[in-house]
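Okay, so here's the structure we're looking at.
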Amino acid sequence: MDNRIPVVAANWKMNKTISEGKLFVEILNNKILYKPEVDIILCASYPLLFQMNLLLDSGNIQLGAQNMHWELSGPFTGEVSPLMLKSCGVQWVILGHSERRHLFHETDETIMKKVISALKSGIKPIFCVGEKIDERKSGRTEEVLERQLSGLLETINEVELNRFIFAYEPVWAIGTGENATPSQVKITHRFIRERISRRIPECLEKLRIIYGGSVNLDNAKELIEIEGVDGFLIGGASLEVESFEKIINIVKENE
Ligand code: PEP
């Protein structure tokens with residue numbers, strides 16, 4: 001690992017009630033009593049955010065949302081704005097997650113609107129990119145990532161880019177129990193880092209790129225040792241506080 005602070009982010013997806021979320025935070029808070037050398041981010045569903053923020057006042061654990069609308073307010077029934085997230089203490093938002101892209105038909109264009117709005121509102125994006133299985137098998141991974149990054153690279157400057165975390169999440173590895181191989185992860189992270197720093201060379205060393213896709217206690221050590229992997233975005237294995245904390249420790253020990 002270079003001198004980038006590693007990240008362990010939980011994506012709870014549509015899981016946990018308010019009381020379950022609070023219990024998780026209480027247990028994790030007791031384990032993380034010091035300022036950790038790892039950025040720990042819990043991305044919870046909307047109804048949990050306000051309550052969780054009240055418990056996260058030590059600042060050792062940060063709060064993230066899983067989505068947002070790009071408008072600040074207005075007639076968008078069922079949507080949540082960045083202003084609302086800010087008022088719940090949210091610092092991060094996952095944007096471009098494959099479940100949003102593929103199940104809810106979000107496009108590169110709408111994701112970019114969200115990115116710009118998040119930055120304007122002071123919320124930092126966890127920006128996800130990743131290819132589907134047929135795209136990998138037909139050798140189109142880099143082409144897909146290039147497309148997913150292109151809007152961003154046309155729009156974003158260095159200062160803004162420093163506020164991002166990028167997540168490489170191969171769609172075929174999410175929730176399947178089949179993680180990408182170390183060599184696939186290494187090559188793809190290198191591609192993303194080089195592609196972004198071709199546009200903004202100052203970012204080469206600073207950019208944090210995390211891996212997501214079936215990370216668990218058994219594969220976390222092997223994956224965090226890969227050059228260019230700055231941490232994880234974790235779905236399934238983040239739901240149990242014990243396994244999540246063990247993965248944080250694995251990442252910390254790799255420092
Ligand atoms: C995710 O949803 O971002 C994810 C990586 O899920 P899982 O860890 O369950 O594959």
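For the structure tokens, the naming scheme is as follows: chains receive sequential letters (A, B, ...) according to their order of presentation, residues are indexed from 1 within each chain, and ligands are indexed from 1 in presentation order.
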Within 10 Å of region 227-233 of chain A, which residues of region 161-217 of chain A show up? Give each one with its shortest atom-to-atom distance in Å (one decimal) and the two atoms involved, counting only C-alpha atoms, rows by chain then rising residue number, as a Markdown table.
```
| residue | atom | partner | partner_atom | distance |
| --- | --- | --- | --- | --- |
| A:Ile165 | CA | A:Asp230 | CA | 9.4 |
| A:Phe166 | CA | A:Asp230 | CA | 9.6 |
| A:Ala167 | CA | A:Leu233 | CA | 6.9 |
| A:Tyr168 | CA | A:Leu233 | CA | 8.8 |
| A:Glu169 | CA | A:Leu233 | CA | 8.3 |
| A:Pro182 | CA | A:Glu227 | CA | 9.4 |
| A:Ser183 | CA | A:Glu227 | CA | 10.0 |
| A:Val185 | CA | A:Val229 | CA | 8.0 |
| A:Lys186 | CA | A:Glu227 | CA | 6.4 |
| A:Ile187 | CA | A:Gly228 | CA | 9.2 |
| A:Thr188 | CA | A:Gly228 | CA | 9.5 |
| A:His189 | CA | A:Gly228 | CA | 6.1 |
| A:Arg190 | CA | A:Gly228 | CA | 6.7 |
| A:Ile192 | CA | A:Gly228 | CA | 9.9 |
| A:Arg193 | CA | A:Gly228 | CA | 8.3 |
| A:Glu205 | CA | A:Gly228 | CA | 9.7 |
| A:Leu207 | CA | A:Asp230 | CA | 8.9 |
| A:Arg208 | CA | A:Asp230 | CA | 5.7 |
| A:Ile209 | CA | A:Asp230 | CA | 5.5 |
| A:Ile210 | CA | A:Gly231 | CA | 4.6 |
| A:Tyr211 | CA | A:Phe232 | CA | 4.8 |
| A:Gly212 | CA | A:Leu233 | CA | 4.6 |
| A:Gly213 | CA | A:Leu233 | CA | 7.7 |
| A:Ser214 | CA | A:Leu233 | CA | 9.4 |
| A:Val215 | CA | A:Phe232 | CA | 7.5 |
| A:Asn216 | CA | A:Phe232 | CA | 10.0 |
```
Could you write out that same residue set with C-alpha atoms as a JSON list (two decimals), in the first residue's frame?
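Result written to result.json:
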```json
[["chain", "number", "residue", "atom", "x", "y", "z"],
["A", 165, "ILE", "CA", -13.30, 6.86, -3.79],
["A", 166, "PHE", "CA", -13.47, 4.65, -6.87],
["A", 167, "ALA", "CA", -14.82, 1.12, -6.52],
["A", 168, "TYR", "CA", -14.05, -1.55, -9.08],
["A", 169, "GLU", "CA", -16.97, -3.94, -8.82],
["A", 182, "PRO", "CA", -5.96, -11.37, -7.97],
["A", 183, "SER", "CA", -4.59, -10.95, -11.47],
["A", 185, "VAL", "CA", -8.12, -7.19, -9.91],
["A", 186, "LYS", "CA", -4.53, -6.01, -10.30],
["A", 187, "ILE", "CA", -4.80, -5.43, -14.05],
["A", 188, "THR", "CA", -8.16, -3.68, -13.80],
["A", 189, "HIS", "CA", -7.18, -1.42, -10.89],
["A", 190, "ARG", "CA", -4.05, -0.45, -12.80],
["A", 192, "ILE", "CA", -8.52, 2.57, -13.85],
["A", 193, "ARG", "CA", -5.64, 4.39, -12.10],
["A", 205, "GLU", "CA", -0.51, 8.44, -6.26],
["A", 207, "LEU", "CA", -6.42, 8.08, -6.01],
["A", 208, "ARG", "CA", -8.10, 5.49, -3.80],
["A", 209, "ILE", "CA", -9.48, 2.52, -5.72],
["A", 210, "ILE", "CA", -11.23, -0.17, -3.70],
["A", 211, "TYR", "CA", -12.44, -3.59, -4.81],
["A", 212, "GLY", "CA", -15.96, -4.95, -4.35],
["A", 213, "GLY", "CA", -17.41, -8.32, -5.25],
["A", 214, "SER", "CA", -17.85, -11.22, -2.80],
["A", 215, "VAL", "CA", -15.16, -10.01, -0.39],
["A", 216, "ASN", "CA", -15.26, -12.15, 2.74]]
```
Contact table chain A vs ligand 1, cut-off 10 Å, shortest pair per residue, only C-alpha atoms and all ligand atoms, as a Markdown table:
```
| residue | atom | partner | partner_atom_place_in_ligand_line | distance |
| --- | --- | --- | --- | --- |
| A:Ala9 | CA | ligand 1 | 3 (O) | 9.0 |
| A:Ala10 | CA | ligand 1 | 3 (O) | 7.9 |
| A:Asn11 | CA | ligand 1 | 3 (O) | 5.7 |
| A:Trp12 | CA | ligand 1 | 2 (O) | 7.7 |
| A:Lys13 | CA | ligand 1 | 2 (O) | 6.9 |
| A:Gln66 | CA | ligand 1 | 3 (O) | 9.7 |
| A:Ile94 | CA | ligand 1 | 3 (O) | 8.9 |
| A:His97 | CA | ligand 1 | 3 (O) | 6.8 |
| A:Ser98 | CA | ligand 1 | 3 (O) | 7.9 |
| A:Glu99 | CA | ligand 1 | 2 (O) | 7.6 |
| A:Cys128 | CA | ligand 1 | 3 (O) | 8.4 |
| A:Ala167 | CA | ligand 1 | 3 (O) | 8.5 |
| A:Tyr168 | CA | ligand 1 | 5 (C) | 9.2 |
| A:Glu169 | CA | ligand 1 | 5 (C) | 6.5 |
| A:Pro170 | CA | ligand 1 | 5 (C) | 8.6 |
| A:Val171 | CA | ligand 1 | 10 (O) | 8.7 |
| A:Trp172 | CA | ligand 1 | 10 (O) | 8.9 |
| A:Ala173 | CA | ligand 1 | 10 (O) | 5.9 |
| A:Ile174 | CA | ligand 1 | 10 (O) | 3.4 |
| A:Gly175 | CA | ligand 1 | 10 (O) | 3.6 |
| A:Thr176 | CA | ligand 1 | 10 (O) | 6.3 |
| A:Gly177 | CA | ligand 1 | 10 (O) | 6.8 |
| A:Glu178 | CA | ligand 1 | 10 (O) | 8.2 |
| A:Asn179 | CA | ligand 1 | 10 (O) | 7.8 |
| A:Tyr211 | CA | ligand 1 | 5 (C) | 7.8 |
| A:Gly212 | CA | ligand 1 | 5 (C) | 4.0 |
| A:Gly213 | CA | ligand 1 | 10 (O) | 3.8 |
| A:Ser214 | CA | ligand 1 | 10 (O) | 3.5 |
| A:Val215 | CA | ligand 1 | 8 (O) | 5.2 |
| A:Asn216 | CA | ligand 1 | 8 (O) | 7.3 |
| A:Phe232 | CA | ligand 1 | 5 (C) | 8.0 |
| A:Leu233 | CA | ligand 1 | 5 (C) | 5.4 |
| A:Ile234 | CA | ligand 1 | 8 (O) | 4.0 |
| A:Gly235 | CA | ligand 1 | 6 (O) | 3.4 |
| A:Gly236 | CA | ligand 1 | 9 (O) | 3.8 |
| A:Ala237 | CA | ligand 1 | 8 (O) | 6.1 |
| A:Ser238 | CA | ligand 1 | 8 (O) | 7.5 |
| A:Leu239 | CA | ligand 1 | 9 (O) | 9.3 |
```
Nearest to Gly78 (chain A), restricted to only C-alpha atoms and choosing among A:Ile116, A:Leu54, A:Tyr46, A:Gly96, comes out as A:Tyr46
(request) May I have all residues of region 48-183 of chain A that DSSP, computed from the backbone, assigns to alpha helix (DSSP H), given as a ChimeraX atom specification? (result) /A:48-55,82-87,98-103,108-121,133-137,141-155,158-161,182-183
Computed gap from CA of Phe191 (chain A) to CA of Glu143 (chain A) is 10.7 Å
Nearest to Ile226 (chain A), restricted to only C-alpha atoms and choosing among A:Asn30, A:Thr181, A:Asn60, A:Asn162, comes out as A:Thr181
Check your understanding: Residues at most 8 Å from Lys114 (chain A), counting only C-alpha atoms, excluding those fewer than 4 positions away in the same chain, as a ChimeraX atom specification?
Key -> /A:68-70,95,110,118
Closest of A:Asp134, A:Glu142, A:Glu109, A:Glu222 to Thr155 (chain A), counting only C-alpha atoms, is A:Glu109
Report as JSON, numbers by chain all protein, DNA and RNA residues lying within 12 Å of Leu119 (chain A), evaluated on only C-alpha atoms, omitting residues in the same chain fewer than 5 positions from it.
{"A": [70, 82, 83, 86, 91, 92, 93, 95, 112, 113, 114, 124, 125, 126, 127, 155, 156, 157, 159, 160, 161, 162, 163, 164]}
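With only C-alpha atoms as the basis for measurement, A:Ile32 is the residue among A:Leu217, A:Ile32, A:Met14, A:Ile224 that approaches Ile61 (chain A) most closely.
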Across A:Cys203, A:Leu223, A:Val241, A:Ala44, the smallest distance to Leu23 (chain A), with only C-alpha atoms counted, is shown by A:Val241
| message | For Glu202 (chain A), find every residue with an atom within 9 Å (counting only C-alpha atoms), except residues of its own chain fewer than 4 positions away, and show them as a PyMOL selection string. | response | chain A and resi 158+197+206
